[in-house]
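Trainee: Structure incoming, see below.
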Amino acid sequence: METRSAKRKKIAQILQENEAKLKLSSIDRISDLPDHVIHHILLLLPIKCVAQMSVLSKRWKFLWITFPDLDFTTLNPFPLISTKNYKKVSKFEKLRYPLSSQNMDFITQVLSIRNAKNKDIRALCFRACLSFSRLNNLVRNAIRHNVRELDIEVDTEVDTDDFFNFPRCVISSESLKVLKLKSGFRLPPSSIMRNGFQSLHTLSLSLVILYNQPSLSDLFSESSFPLLRNLHLDMCFGLIHLRVGCRALEDLNLERCYHLQGLDVCGAKIERMRVTSCFDAYCNKTWVRMNVPKLEKLIWKFNAVTDVTVFENSNLLHEASIGFFMLKEGKVNMGRLQSANDFFSGLSHVRSLALESQTIEILSKYNIIIQPFYNLKSLELHTGLKKRNVQALAFLFRCSPTLHTLILEIINDYKIERKQWNRDLWSITSTEEEQYWESQIPSLKSFLQHLKVVKIQGFLDCANEVTLAKFLLKHGKALEEMIVCSGYSNRRDSLRRQNIRSQMMGFSWASSNAKVEFQ
């Protein structure tokens with residue numbers, strides 16, 4: 001029998017063990033982590049939450065005043081509403097989108113508690129409505145702390161149509177690596193800009209006012225921006241001529257430069273290039289010159305066809321997405337037709353190509369002759385499959401003799417009127433479309449011998465769609481798979497669609513054993 005003394009000892013031992021466990025569970029393991037690790041964890045939180053943690057202890061206060069990544073965009077995650085526009089919004093919107101100027105005191109306070117002994121600022125990001133003097137003070141404060149990344153979106157806090165002057169203090173910064181500015185900025189003269197930014201590797205400028213200097217032919221030269229690898233220009237109002245020749249540039253992105261008339265890009269290291277919604281469609285003297293031997297990816301969309309195009313072949317071009325347009329004019333501009341031809345010649349080595357509907361319309365309407373794409377393995381076409389586009393499709397197939405994958409994105413906006421389907425469509429009786437495709441077999445021999453995968457998106461069982469699918473199934477000798485993604489249809493069409501599917505699934509005339517899948 002256990003004695004009373006032994007029981008007391010046992011109880012004391014249990015209490016000691018529980019006390020040890022309690023002490024162990026109350027250890028602050030996070031505070032023992034190195035500063036840079038805790039800073040990385042705090043980066044995942046809104047900055048006001050990080051500031052509130054500074055009251056926990058001296059250790060956490062030090063972590064706050066040395067926090068290197070100051071992202072104030074969480075204070076105002078919604079679009080900017082300046083004072084001049086604030087009167088126009090509803091009461092609900094005022095509650096949802098508070099004036100960002102109310103947060104400026106917090107931003108100023110955070111920057112003021114950092115002194116020269118604190119660590120440098122790695123990143124400063126904010127969106128705000130403020131005056132130019134206040135903006136300039138904030139930027140100067142960040143530059144004094146050797147900021148490496150500056151991401152600013154601002155609007156004027158007063159009811160005025162004036163613009164911001166570009167904060168010149170950033171030009172001579174030796175620590176700045178990334179600069180992103182979005183507002184109505186006026187750039188200083190190119191002679192001042194060109195001599196700075198010696199350490200910058202990423203530059204993004206949006207809403208830039210260039211009416212006083214419409215030509216930036218000497219800003220992005222070989223001698224300026226020696227380390228610049230990424231350049232993004234968006235909505236540069238008044239920009240007419242642009243030359244880009246930075247020797248280290250790898251990624252170029254131009255968007256919504258509507259007044260652009262001349263573009264000259266020369267870069268031995270450029271690998272990615274994106275130009276969208278650029279060029280003045282009403283100007284008769286537009287031109288583009290591209291000498292980018294290492295270009296791997298090109299996106300060229302919503303751009304007017306220029307009058308002159310000089311596009312040096314890029315043997316490394318892997319992927320291209322093209323969508324340009326021409327205004328409807330009474331007289332055909334032969335120079336622009338030749339320019340479109342020259343543009344396609346520069347794509348001759350591409351391996352993956354996507355063409356928008358307007359580009360296919362130009363090929364259909366003007367019968368532009370382009371060189372074959374002998375390296376092309378994937379072709380994506382956005383088209384309404386209108387009757388007049390059939391010849392353009394056949395021409396593109398002929399220009400793709402070694403194609404592996406064909407993707408057809410059928411645009412419903414250009415959808416031809418439906419034809420009532422009957423059994424005659426799949427019978428021996430041939431339609432006009434079928435006769436045309438059958439006549440193209442000799443010229444499409446190589447194309448039909450290499451094509452292995454076909455994907456049709458937005459399939460609505462129209463005559464031209466099913467005729468083309470039937471042709472590819474019947475003559476595609478190497479075809480392995482056809483994926484048909486149906487578009488919108490009425491319930492009354494379900495029986496007819498089911499009948500068409502069953503006939504395609506069991507198509508006995510096919511030259512290959514292609515798998516047909518409906519999605």
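Convention: chains lettered A, B, ... in structure tokens order; per-chain residue numbering from 1; ligands numbered from 1 as shown.
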Out of segment 160-381 of chain A, which residues get strand (DSSP E or B) from DSSP, as a PyMOL selection string?
Mentor: chain A and resi 164-165+178-186+202-209+215-220+230-237+241-244+251-255+262-266+272-276+287-291+297-304+308-311+319-325+352-355+378-381
Trainee: I want to know what sits within 9 Å of segment 332-343 of chain A, based on only C-alpha atoms, with residues of the same chain fewer than 5 positions away left out; could you give that as a PyMOL selection string?
Mentor: chain A and resi 287+305-311+324+326+362+366+368-371
Trainee: Hey, what's within 8 Å of Glu380 of chain A if we count only C-alpha atoms and toss same-chain stuff fewer than 2 positions away? As an MDAnalysis selection string, please?
Mentor: chainID A and resid 353:355 378 382 406:409
Trainee: Export, as an mmCIF file, in the first residue's frame, the selected residues with all heavy atoms.
Mentor:
data_model
loop_
_atom_site.group_PDB
_atom_site.id
_atom_site.type_symbol
_atom_site.label_atom_id
_atom_site.label_comp_id
_atom_site.auth_asym_id
_atom_site.auth_seq_id
_atom_site.Cartn_x
_atom_site.Cartn_y
_atom_site.Cartn_z
ATOM 1 N N LEU A 353 2.585 30.421 -83.214
ATOM 2 C CA LEU A 353 2.025 31.658 -83.753
ATOM 3 C C LEU A 353 0.533 31.723 -83.471
ATOM 4 O O LEU A 353 -0.197 30.744 -83.665
ATOM 5 C CB LEU A 353 2.265 31.726 -85.264
ATOM 6 C CG LEU A 353 1.681 32.934 -86.008
ATOM 7 C CD1 LEU A 353 2.305 34.233 -85.517
ATOM 8 C CD2 LEU A 353 1.881 32.782 -87.513
ATOM 9 N N ALA A 354 0.069 32.905 -82.996
ATOM 10 C CA ALA A 354 -1.356 33.168 -82.782
ATOM 11 C C ALA A 354 -1.732 34.409 -83.581
ATOM 12 O O ALA A 354 -1.045 35.433 -83.511
ATOM 13 C CB ALA A 354 -1.650 33.380 -81.302
ATOM 14 N N LEU A 355 -2.817 34.320 -84.353
ATOM 15 C CA LEU A 355 -3.285 35.430 -85.175
ATOM 16 C C LEU A 355 -4.683 35.827 -84.748
ATOM 17 O O LEU A 355 -5.572 34.978 -84.635
ATOM 18 C CB LEU A 355 -3.282 35.043 -86.658
ATOM 19 C CG LEU A 355 -1.923 34.700 -87.286
ATOM 20 C CD1 LEU A 355 -2.105 34.336 -88.751
ATOM 21 C CD2 LEU A 355 -0.945 35.855 -87.138
ATOM 22 N N SER A 378 2.956 25.137 -83.749
ATOM 23 C CA SER A 378 1.657 25.415 -83.142
ATOM 24 C C SER A 378 1.073 26.679 -83.764
ATOM 25 O O SER A 378 1.738 27.713 -83.807
ATOM 26 C CB SER A 378 1.789 25.577 -81.627
ATOM 27 O OG SER A 378 0.549 25.929 -81.039
ATOM 28 N N HIS A 382 -7.805 33.030 -84.362
ATOM 29 C CA HIS A 382 -9.045 33.580 -83.825
ATOM 30 C C HIS A 382 -9.862 34.092 -85.018
ATOM 31 O O HIS A 382 -9.488 35.100 -85.632
ATOM 32 C CB HIS A 382 -8.763 34.715 -82.844
ATOM 33 C CG HIS A 382 -8.010 34.268 -81.633
ATOM 34 N ND1 HIS A 382 -8.378 34.645 -80.363
ATOM 35 C CD2 HIS A 382 -6.920 33.475 -81.478
ATOM 36 C CE1 HIS A 382 -7.541 34.109 -79.485
ATOM 37 N NE2 HIS A 382 -6.640 33.395 -80.155
ATOM 38 N N LEU A 406 -3.027 22.566 -84.198
ATOM 39 C CA LEU A 406 -3.865 23.632 -84.734
ATOM 40 C C LEU A 406 -4.965 23.951 -83.729
ATOM 41 O O LEU A 406 -5.710 23.069 -83.308
ATOM 42 C CB LEU A 406 -4.489 23.212 -86.069
ATOM 43 C CG LEU A 406 -5.532 24.178 -86.665
ATOM 44 C CD1 LEU A 406 -4.888 25.510 -87.016
ATOM 45 C CD2 LEU A 406 -6.202 23.556 -87.885
ATOM 46 N N ILE A 407 -5.068 25.238 -83.348
ATOM 47 C CA ILE A 407 -6.107 25.699 -82.418
ATOM 48 C C ILE A 407 -6.962 26.722 -83.142
ATOM 49 O O ILE A 407 -6.458 27.741 -83.625
ATOM 50 C CB ILE A 407 -5.487 26.316 -81.148
ATOM 51 C CG1 ILE A 407 -4.597 25.288 -80.433
ATOM 52 C CG2 ILE A 407 -6.583 26.811 -80.204
ATOM 53 C CD1 ILE A 407 -3.842 25.865 -79.245
ATOM 54 N N LEU A 408 -8.260 26.467 -83.214
ATOM 55 C CA LEU A 408 -9.206 27.392 -83.822
ATOM 56 C C LEU A 408 -10.105 27.968 -82.741
ATOM 57 O O LEU A 408 -10.871 27.239 -82.108
ATOM 58 C CB LEU A 408 -10.047 26.679 -84.879
ATOM 59 C CG LEU A 408 -9.317 26.219 -86.146
ATOM 60 C CD1 LEU A 408 -10.258 25.413 -87.026
ATOM 61 C CD2 LEU A 408 -8.758 27.401 -86.911
ATOM 62 N N GLU A 409 -9.994 29.255 -82.507
ATOM 63 C CA GLU A 409 -10.850 29.966 -81.548
ATOM 64 C C GLU A 409 -11.916 30.691 -82.347
ATOM 65 O O GLU A 409 -11.654 31.716 -82.971
ATOM 66 C CB GLU A 409 -10.025 30.958 -80.732
ATOM 67 C CG GLU A 409 -10.825 31.768 -79.736
ATOM 68 C CD GLU A 409 -11.293 30.968 -78.539
ATOM 69 O OE1 GLU A 409 -10.518 30.099 -78.082
ATOM 70 O OE2 GLU A 409 -12.417 31.197 -78.086
#
Trainee: Given the choices A:Gln109, A:Asn513, A:Gly458, A:Leu135, which gets closest to Glu481 of chain A if the distance is worked out from only C-alpha atoms?
Mentor: A:Asn513
Trainee: Ranking A:Leu150, A:Leu403, A:Ile360, A:Val390 by minimum distance to Gln440 of chain A and counting only C-alpha atoms, which one comes first?
Mentor: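 That would be A:Val390, the residue with the smallest distance to Gln440 of chain A.
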Trainee: So that I can see what lies close to Ser223 of chain A, please list as a count of residues only the residues with an atom at most 12 Å from it, counting only C-alpha atoms and leaving out residues fewer than 3 positions away in the same chain.
Mentor: 18
Trainee: Write out as a list in words which residues come within 10 Å of His349 of chain A when counting only C-alpha atoms, dropping same-chain ones fewer than 5 positions away.
Mentor: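 Surrounding residues, per the criterion: Asn313, Ser314, Asn315, Leu316, Leu317, His318, Glu319, Pro372, Phe373, Tyr374, Asn375 and Leu376 of chain A.
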Trainee: Write out the residues from the selection above, keeping C-alpha atoms, as a PDB file, in the first residue's frame.
Mentor:
ATOM      1  CA  ASN A 313      14.716  37.928 -88.862  1.00  0.00           C
ATOM      2  CA  SER A 314      15.120  36.476 -85.390  1.00  0.00           C
ATOM      3  CA  ASN A 315      16.252  32.871 -85.549  1.00  0.00           C
ATOM      4  CA  LEU A 316      15.410  32.350 -81.864  1.00  0.00           C
ATOM      5  CA  LEU A 317      11.792  33.533 -82.082  1.00  0.00           C
ATOM      6  CA  HIS A 318       9.690  30.925 -80.301  1.00  0.00           C
ATOM      7  CA  GLU A 319       6.297  32.518 -79.696  1.00  0.00           C
ATOM      8  CA  PRO A 372       6.140  29.633 -95.354  1.00  0.00           C
ATOM      9  CA  PHE A 373       6.750  29.007 -91.654  1.00  0.00           C
ATOM     10  CA  TYR A 374       8.967  25.938 -91.866  1.00  0.00           C
ATOM     11  CA  ASN A 375       9.634  25.879 -88.103  1.00  0.00           C
ATOM     12  CA  LEU A 376       6.024  26.446 -87.041  1.00  0.00           C
TER      13      LEU A 376
END
Trainee: Can you tell me how far atom CA of Thr108 of chain A sits from atom CA of Asp151 of chain A, in Å to one decimal?
Mentor: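 According to the coordinates, atom CA of Thr108 of chain A and atom CA of Asp151 of chain A are separated by 16.0 Å.
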